[in-house]
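Structure below is target37.json: JSON, C-alpha atoms.
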[["chain", "number", "residue", "atom", "x", "y", "z"],
["A", 1, "MET", "CA", -23.72, -6.71, -25.49],
["A", 2, "LYS", "CA", -22.15, -5.51, -22.23],
["A", 3, "SER", "CA", -19.58, -2.76, -22.18],
["A", 4, "LYS", "CA", -16.11, -3.52, -20.86],
["A", 5, "SER", "CA", -16.98, -1.71, -17.61],
["A", 6, "GLY", "CA", -20.18, -3.76, -17.32],
["A", 7, "ARG", "CA", -18.19, -6.97, -17.84],
["A", 8, "LEU", "CA", -15.66, -6.01, -15.17],
["A", 9, "ARG", "CA", -18.33, -5.16, -12.60],
["A", 10, "SER", "CA", -20.31, -8.32, -13.36],
["A", 11, "SER", "CA", -17.24, -10.58, -13.26],
["A", 12, "ALA", "CA", -17.06, -13.39, -10.71],
["A", 13, "GLU", "CA", -14.17, -11.62, -8.96],
["A", 14, "TYR", "CA", -16.08, -8.37, -8.57],
["A", 15, "ARG", "CA", -19.17, -10.21, -7.26],
["A", 16, "GLU", "CA", -16.95, -12.05, -4.78],
["A", 17, "LEU", "CA", -15.41, -8.74, -3.71],
["A", 18, "LYS", "CA", -18.84, -7.30, -2.95],
["A", 19, "GLN", "CA", -19.69, -10.31, -0.79],
["A", 20, "GLU", "CA", -16.51, -10.14, 1.34],
["A", 21, "LYS", "CA", -17.65, -8.80, 4.71],
["A", 22, "ASP", "CA", -14.17, -8.13, 6.15],
["A", 23, "LEU", "CA", -13.01, -4.73, 4.83],
["A", 24, "PHE", "CA", -9.31, -5.58, 5.27],
["A", 25, "ARG", "CA", -9.67, -8.74, 3.15],
["A", 26, "ARG", "CA", -11.88, -6.98, 0.61],
["A", 27, "ARG", "CA", -9.26, -4.25, 0.14],
["A", 28, "LEU", "CA", -6.42, -6.73, -0.36],
["A", 29, "TYR", "CA", -8.44, -8.82, -2.78],
["A", 30, "PHE", "CA", -9.47, -5.71, -4.71],
["A", 31, "LEU", "CA", -5.91, -4.34, -4.82],
["A", 32, "ALA", "CA", -4.51, -7.61, -6.17],
["A", 33, "PHE", "CA", -7.39, -7.93, -8.68],
["A", 34, "PHE", "CA", -6.91, -4.29, -9.72],
["A", 35, "ALA", "CA", -3.11, -4.66, -10.02],
["A", 36, "ASP", "CA", -3.71, -7.62, -12.35],
["A", 37, "LYS", "CA", -6.03, -5.56, -14.55],
["A", 38, "LEU", "CA", -3.52, -2.69, -14.56],
["A", 39, "LYS", "CA", -0.70, -5.05, -15.52],
["A", 40, "ALA", "CA", -2.80, -6.31, -18.45],
["A", 41, "ALA", "CA", -3.12, -2.66, -19.54],
["A", 42, "GLY", "CA", 0.67, -2.16, -19.28],
["A", 43, "VAL", "CA", 0.55, -0.25, -15.98],
["A", 44, "ASP", "CA", 2.84, -1.06, -13.08],
["A", 45, "ALA", "CA", 1.35, -0.63, -9.59],
["A", 46, "ILE", "CA", 2.90, -0.75, -6.11],
["A", 47, "LEU", "CA", 1.01, -0.58, -2.83],
["A", 48, "VAL", "CA", 2.65, 1.97, -0.53],
["A", 49, "GLY", "CA", 1.73, 3.90, 2.62],
["A", 50, "GLY", "CA", -0.69, 2.96, 5.34],
["A", 51, "GLU", "CA", -2.39, 0.06, 3.55],
["A", 52, "ALA", "CA", 1.02, -1.56, 2.90],
["A", 53, "ILE", "CA", 1.74, -1.28, 6.64],
["A", 54, "ASP", "CA", -1.72, -2.63, 7.41],
["A", 55, "LEU", "CA", -0.99, -5.62, 5.17],
["A", 56, "TYR", "CA", 2.36, -6.34, 6.84],
["A", 57, "THR", "CA", 0.88, -6.01, 10.33],
["A", 58, "GLY", "CA", -2.17, -8.16, 9.60],
["A", 59, "GLY", "CA", -4.73, -5.37, 9.89],
["A", 60, "THR", "CA", -3.35, -3.77, 13.07],
["A", 61, "PHE", "CA", -3.12, -0.24, 11.64],
["A", 62, "ALA", "CA", -6.31, 0.43, 9.70],
["A", 63, "THR", "CA", -6.18, 3.26, 7.20],
["A", 64, "SER", "CA", -8.85, 5.19, 5.36],
["A", 65, "ASP", "CA", -7.41, 4.84, 1.86],
["A", 66, "CYS", "CA", -5.15, 2.65, -0.23],
["A", 67, "ASP", "CA", -2.13, 4.43, -1.73],
["A", 68, "LEU", "CA", -1.19, 3.05, -5.13],
["A", 69, "LEU", "CA", 1.93, 4.19, -6.92],
["A", 70, "VAL", "CA", 1.25, 3.76, -10.66],
["A", 71, "SER", "CA", 3.22, 4.21, -13.85],
["A", 72, "ASN", "CA", 0.27, 5.59, -15.85],
["A", 73, "LYS", "CA", -2.33, 7.76, -14.12],
["A", 74, "MET", "CA", -4.65, 8.09, -17.10],
["A", 75, "GLU", "CA", -4.98, 4.32, -17.64],
["A", 76, "THR", "CA", -5.37, 3.76, -13.90],
["A", 77, "GLU", "CA", -8.16, 6.31, -13.61],
["A", 78, "LYS", "CA", -9.89, 4.93, -16.69],
["A", 79, "LEU", "CA", -9.93, 1.46, -15.11],
["A", 80, "LEU", "CA", -11.08, 2.81, -11.74],
["A", 81, "ASN", "CA", -13.97, 4.49, -13.52],
["A", 82, "LYS", "CA", -14.90, 1.21, -15.24],
["A", 83, "LEU", "CA", -14.91, -0.47, -11.83],
["A", 84, "GLY", "CA", -17.44, 1.97, -10.42],
["A", 85, "PHE", "CA", -15.08, 4.40, -8.68],
["A", 86, "GLY", "CA", -15.84, 8.10, -8.71],
["A", 87, "LYS", "CA", -13.25, 10.83, -8.31],
["A", 88, "GLU", "CA", -13.49, 12.56, -4.94],
["A", 89, "ASP", "CA", -10.67, 15.07, -5.51],
["A", 90, "ASN", "CA", -7.45, 15.29, -7.50],
["A", 91, "GLN", "CA", -6.08, 11.92, -6.32],
["A", 92, "LEU", "CA", -8.79, 10.09, -4.35],
["A", 93, "TRP", "CA", -11.21, 7.65, -5.94],
["A", 94, "PHE", "CA", -14.13, 6.10, -4.03],
["A", 95, "ASN", "CA", -16.30, 3.05, -4.73],
["A", 96, "GLN", "CA", -19.33, 3.19, -2.45],
["A", 97, "GLU", "CA", -20.41, -0.36, -3.30],
["A", 98, "LEU", "CA", -17.06, -1.78, -2.11],
["A", 99, "ASN", "CA", -16.37, 0.95, 0.49],
["A", 100, "ILE", "CA", -12.83, 1.37, -0.86],
["A", 101, "VAL", "CA", -10.89, 4.60, -1.37],
["A", 102, "ILE", "CA", -7.88, 4.58, -3.68],
["A", 103, "GLN", "CA", -5.29, 7.34, -3.80],
["A", 104, "VAL", "CA", -3.55, 7.37, -7.17],
["A", 105, "ILE", "CA", 0.07, 8.49, -6.93],
["A", 106, "THR", "CA", 2.28, 9.00, -9.95],
["A", 107, "ALA", "CA", 5.88, 9.09, -8.87],
["A", 108, "MET", "CA", 8.87, 6.84, -9.14],
["A", 109, "TYR", "CA", 9.24, 4.30, -6.34],
["A", 110, "SER", "CA", 11.85, 5.90, -4.06],
["A", 111, "GLY", "CA", 13.29, 2.62, -2.79],
["A", 112, "GLU", "CA", 15.19, -0.17, -4.47],
["A", 113, "THR", "CA", 12.73, -2.10, -6.64],
["A", 114, "PRO", "CA", 14.40, -5.51, -6.05],
["A", 115, "LYS", "CA", 13.38, -5.12, -2.40],
["A", 116, "LEU", "CA", 9.65, -4.93, -3.23],
["A", 117, "ARG", "CA", 7.63, -7.83, -1.87],
["A", 118, "THR", "CA", 4.98, -9.66, -3.87],
["A", 119, "PHE", "CA", 1.84, -11.11, -2.30],
["A", 120, "LYS", "CA", -0.48, -13.61, -3.93],
["A", 121, "VAL", "CA", -4.14, -12.96, -3.21],
["A", 122, "LYS", "CA", -6.67, -15.37, -4.74],
["A", 123, "GLY", "CA", -4.43, -16.03, -7.73],
["A", 124, "PHE", "CA", -3.52, -12.37, -8.31],
["A", 125, "GLU", "CA", -0.19, -10.73, -7.49],
["A", 126, "LEU", "CA", 0.24, -7.49, -5.58],
["A", 127, "LYS", "CA", 3.57, -5.65, -5.35],
["A", 128, "VAL", "CA", 4.10, -3.98, -1.98],
["A", 129, "ALA", "CA", 6.69, -1.44, -0.79],
["A", 130, "ALA", "CA", 9.66, -2.93, 1.04],
["A", 131, "PRO", "CA", 9.40, -2.95, 4.85],
["A", 132, "GLU", "CA", 12.70, -1.03, 5.08],
["A", 133, "ASP", "CA", 11.31, 1.79, 2.92],
["A", 134, "LEU", "CA", 8.10, 1.93, 4.95],
["A", 135, "ILE", "CA", 10.04, 2.03, 8.22],
["A", 136, "ALA", "CA", 12.21, 4.88, 6.95],
["A", 137, "SER", "CA", 9.24, 6.85, 5.62],
["A", 138, "ARG", "CA", 7.30, 6.47, 8.89],
["A", 139, "LEU", "CA", 10.29, 7.54, 10.97],
["A", 140, "TYR", "CA", 10.86, 10.51, 8.65],
["A", 141, "SER", "CA", 7.20, 11.44, 9.03],
["A", 142, "ALA", "CA", 7.39, 11.08, 12.82],
["A", 143, "LYS", "CA", 10.47, 13.30, 13.01],
["A", 144, "PHE", "CA", 9.75, 15.98, 10.42],
["A", 145, "TRP", "CA", 6.09, 16.03, 9.35],
["A", 146, "LYS", "CA", 4.66, 15.45, 12.81],
["A", 147, "SER", "CA", 1.07, 15.02, 11.61],
["A", 148, "SER", "CA", 0.68, 11.88, 13.74],
["A", 149, "PRO", "CA", 4.18, 11.20, 15.11],
["A", 150, "GLN", "CA", 3.23, 8.63, 17.73],
["A", 151, "ARG", "CA", 1.26, 6.49, 15.25],
["A", 152, "ASP", "CA", 4.04, 6.78, 12.64],
["A", 153, "PHE", "CA", 6.62, 5.75, 15.22],
["A", 154, "GLU", "CA", 4.47, 2.82, 16.42],
["A", 155, "GLN", "CA", 4.08, 1.60, 12.84],
["A", 156, "ALA", "CA", 7.84, 1.69, 12.31],
["A", 157, "VAL", "CA", 8.43, -0.21, 15.56],
["A", 158, "ALA", "CA", 5.84, -2.83, 14.59],
["A", 159, "LEU", "CA", 7.53, -3.39, 11.22],
["A", 160, "LEU", "CA", 10.95, -3.61, 12.86],
["A", 161, "LYS", "CA", 9.61, -6.28, 15.21],
["A", 162, "ILE", "CA", 7.75, -8.29, 12.55],
["A", 163, "PHE", "CA", 10.68, -8.29, 10.12],
["A", 164, "SER", "CA", 13.48, -8.49, 12.70],
["A", 165, "ASP", "CA", 14.92, -11.63, 11.05],
["A", 166, "SER", "CA", 14.61, -10.56, 7.43],
["A", 167, "LEU", "CA", 15.32, -6.82, 7.22],
["A", 168, "ASP", "CA", 18.27, -5.57, 5.23],
["A", 169, "ASN", "CA", 19.69, -3.55, 8.11],
["A", 170, "LYS", "CA", 22.54, -2.07, 6.05],
["A", 171, "TYR", "CA", 20.03, -0.75, 3.54],
["A", 172, "LEU", "CA", 17.80, 0.58, 6.33],
["A", 173, "SER", "CA", 20.76, 2.32, 7.98],
["A", 174, "ARG", "CA", 21.69, 3.93, 4.64],
["A", 175, "LEU", "CA", 18.12, 5.19, 4.27],
["A", 176, "ALA", "CA", 18.22, 6.57, 7.82],
["A", 177, "LYS", "CA", 21.50, 8.38, 7.23],
["A", 178, "ARG", "CA", 20.29, 9.83, 3.92],
["A", 179, "SER", "CA", 17.03, 11.03, 5.53],
["A", 180, "ASP", "CA", 18.60, 12.31, 8.77],
["A", 181, "ILE", "CA", 16.60, 9.89, 10.94],
["A", 182, "VAL", "CA", 19.47, 7.88, 12.44],
["A", 183, "ASP", "CA", 18.38, 8.98, 15.93],
["A", 184, "PHE", "CA", 14.77, 7.90, 15.38],
["A", 185, "LEU", "CA", 15.85, 4.57, 13.88],
["A", 186, "ALA", "CA", 18.05, 3.85, 16.91],
["A", 187, "LYS", "CA", 15.16, 4.67, 19.24],
["A", 188, "ALA", "CA", 12.72, 2.52, 17.22],
["A", 189, "ARG", "CA", 15.15, -0.42, 17.15],
["A", 190, "SER", "CA", 15.51, -0.13, 20.93],
["A", 191, "TYR", "CA", 11.73, -0.22, 21.42],
["A", 192, "ALA", "CA", 11.31, -3.13, 18.99],
["A", 193, "SER", "CA", 13.97, -5.20, 20.76],
["A", 194, "LYS", "CA", 12.03, -4.91, 24.04],
["A", 195, "LEU", "CA", 8.75, -6.18, 22.58]]

Can you dump the structure from the file as structure tokens?
Amino acid sequence: MKSKSGRLRSSAEYRELKQEKDLFRRRLYFLAFFADKLKAAGVDAILVGGEAIDLYTGGTFATSDCDLLVSNKMETEKLLNKLGFGKEDNQLWFNQELNIVIQVITAMYSGETPKLRTFKVKGFELKVAAPEDLIASRLYSAKFWKSSPQRDFEQAVALLKIFSDSLDNKYLSRLAKRSDIVDFLAKARSYASKL
């Protein structure tokens, strides 16, 4: 009799994941599959950070890891272990077979949860951070953290352009005022309008 971890890794979905050659597609499929398994275990998961931006921009801004905001770290890590992930450090988990790195983050979602977007991937649902929240966080990072300000700014501009017709601009302006990035938002909007 197979263990639960053996059943998960021999499931049709996991086998299909291993066969997906495109890393971007494999990550999205895995994240949606994983979110479904977490939901079944009573854990809420939201894709945030660079992989969320990569999803919204269709693979334009590749990232090295997938940031998952989860409501229960212990259950999440237990499931990652069952799926063949090994812990690299305090928050990073790596599956060599799938070539996927997951960063487990336990914090409350800082944005308004009704603004989250849901994507369907091969029958599974994946909750993703709102574009407005990602724009604000990238502009904040560009202005204050300065680890890669040009890339952060470019990502914000790309999201502004892609979602120009569907952004909640009042909400985004409130976020900018609260985070002291009104100047960077104005500059990003100006760039996006010229694209």

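For the point (-13.1, 7.0, -4.0), the residues with at least one atom inside 12 Å, counting only C-alpha atoms, are Ser64, Asp65, Cys66, Asp67, Glu77, Leu80, Asn81, Leu83, Gly84, Phe85, Gly86, Lys87, Glu88, Asp89, Asn90, Gln91, Leu92, Trp93, Phe94, Asn95, Gln96, Glu97, Leu98, Asn99, Ile100, Val101, Ile102, Gln103 and Val104 of chain A.
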
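One distance worth recording is that between atom CA of A:Phe163 and atom CA of A:Ala142, which is 19.8 Å.
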
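Shell of A:Leu31 at 7 Å, with all atoms listed in the file counted and residues fewer than 4 places along the chain excluded, is Arg27, Ala35 and Leu126 of chain A.
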
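Near A:Val43, within 6 Å and counting only C-alpha atoms, sit Leu38, Lys39, Ser71 and Asn72 of chain A; same-chain residues fewer than 3 positions away were not included.
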
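The two atoms in question, atom CA of A:Tyr191 and atom CA of A:Leu28, are spaced 29.1 Å apart.
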
Original post:
Using only C-alpha atoms, which residues sit within 12 Å of A:Leu159 once same-chain residues fewer than 3 positions away are excluded, as an MDAnalysis selection string?
Top reply: chainID A and resid 50 52:58 60:61 130:139 152:156 162:167 185 188:189 191:193 195

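Restricting the calculation to all atoms listed in the file, the smallest distance between A:Tyr140 and any of A:Lys120, A:Lys115, A:Lys177, A:Lys161 is found for A:Lys177.
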
Would you mind putting N, CA and C atoms back on stretch 47-80 of chain A and writing the result as a compact mmCIF listing (two decimals), in the frame of the given file?
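Written output follows (part_28.txt):
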# COMPACT_ATOMS: atom_id res chain seq x y z
N LEU A 47 1.72 -1.03 -4.02
CA LEU A 47 1.01 -0.58 -2.83
C LEU A 47 2.02 0.03 -1.87
N VAL A 48 1.76 1.26 -1.45
CA VAL A 48 2.65 1.97 -0.53
C VAL A 48 1.81 2.53 0.62
N GLY A 49 2.46 3.18 1.57
CA GLY A 49 1.73 3.90 2.62
C GLY A 49 1.06 3.02 3.65
N GLY A 50 -0.01 3.58 4.22
CA GLY A 50 -0.69 2.96 5.34
C GLY A 50 -1.26 1.59 5.05
N GLU A 51 -1.81 1.38 3.86
CA GLU A 51 -2.39 0.06 3.55
C GLU A 51 -1.30 -1.00 3.42
N ALA A 52 -0.11 -0.61 2.95
CA ALA A 52 1.02 -1.56 2.90
C ALA A 52 1.40 -1.96 4.33
N ILE A 53 1.43 -0.99 5.23
CA ILE A 53 1.74 -1.28 6.64
C ILE A 53 0.64 -2.14 7.24
N ASP A 54 -0.60 -1.84 6.91
CA ASP A 54 -1.72 -2.63 7.41
C ASP A 54 -1.59 -4.08 6.94
N LEU A 55 -1.19 -4.27 5.71
CA LEU A 55 -0.99 -5.62 5.17
C LEU A 55 0.10 -6.36 5.95
N TYR A 56 1.24 -5.71 6.14
CA TYR A 56 2.36 -6.34 6.84
C TYR A 56 2.06 -6.62 8.31
N THR A 57 1.19 -5.83 8.91
CA THR A 57 0.88 -6.01 10.33
C THR A 57 -0.42 -6.77 10.55
N GLY A 58 -0.97 -7.33 9.48
CA GLY A 58 -2.17 -8.16 9.60
C GLY A 58 -3.42 -7.40 10.01
N GLY A 59 -3.53 -6.15 9.60
CA GLY A 59 -4.73 -5.37 9.89
C GLY A 59 -4.67 -4.58 11.19
N THR A 60 -3.49 -4.47 11.79
CA THR A 60 -3.35 -3.77 13.07
C THR A 60 -3.55 -2.26 12.92
N PHE A 61 -3.07 -1.70 11.83
CA PHE A 61 -3.12 -0.24 11.64
C PHE A 61 -4.06 0.10 10.48
N ALA A 62 -5.33 0.13 10.75
CA ALA A 62 -6.31 0.43 9.70
C ALA A 62 -6.10 1.83 9.16
N THR A 63 -6.34 1.98 7.87
CA THR A 63 -6.18 3.26 7.20
C THR A 63 -7.44 3.57 6.42
N SER A 64 -7.63 4.81 6.05
CA SER A 64 -8.85 5.19 5.36
C SER A 64 -8.76 5.03 3.84
N ASP A 65 -7.55 4.99 3.31
CA ASP A 65 -7.41 4.84 1.86
C ASP A 65 -6.24 3.93 1.52
N CYS A 66 -6.21 3.52 0.28
CA CYS A 66 -5.15 2.65 -0.23
C CYS A 66 -4.30 3.48 -1.20
N ASP A 67 -3.02 3.65 -0.89
CA ASP A 67 -2.13 4.43 -1.73
C ASP A 67 -1.49 3.52 -2.77
N LEU A 68 -1.76 3.82 -4.03
CA LEU A 68 -1.19 3.05 -5.13
C LEU A 68 -0.29 3.93 -5.97
N LEU A 69 0.95 3.52 -6.07
CA LEU A 69 1.93 4.19 -6.92
C LEU A 69 1.80 3.54 -8.30
N VAL A 70 1.49 4.32 -9.33
CA VAL A 70 1.25 3.76 -10.66
C VAL A 70 2.12 4.44 -11.72
N SER A 71 2.38 3.69 -12.76
CA SER A 71 3.22 4.21 -13.85
C SER A 71 2.42 4.99 -14.88
N ASN A 72 1.10 4.88 -14.87
CA ASN A 72 0.27 5.59 -15.85
C ASN A 72 -1.04 5.99 -15.18
N LYS A 73 -1.15 7.25 -14.83
CA LYS A 73 -2.33 7.76 -14.12
C LYS A 73 -3.59 7.69 -14.98
N MET A 74 -3.48 8.05 -16.23
CA MET A 74 -4.65 8.09 -17.10
C MET A 74 -5.28 6.70 -17.25
N GLU A 75 -4.46 5.69 -17.51
CA GLU A 75 -4.98 4.32 -17.64
C GLU A 75 -5.56 3.82 -16.32
N THR A 76 -4.90 4.17 -15.22
CA THR A 76 -5.37 3.76 -13.90
C THR A 76 -6.74 4.35 -13.60
N GLU A 77 -6.89 5.63 -13.87
CA GLU A 77 -8.16 6.31 -13.61
C GLU A 77 -9.27 5.80 -14.52
N LYS A 78 -8.91 5.48 -15.75
CA LYS A 78 -9.89 4.93 -16.69
C LYS A 78 -10.43 3.60 -16.16
N LEU A 79 -9.53 2.76 -15.65
CA LEU A 79 -9.93 1.46 -15.11
C LEU A 79 -10.73 1.62 -13.81
N LEU A 80 -10.32 2.55 -12.96
CA LEU A 80 -11.08 2.81 -11.74
C LEU A 80 -12.52 3.21 -12.08
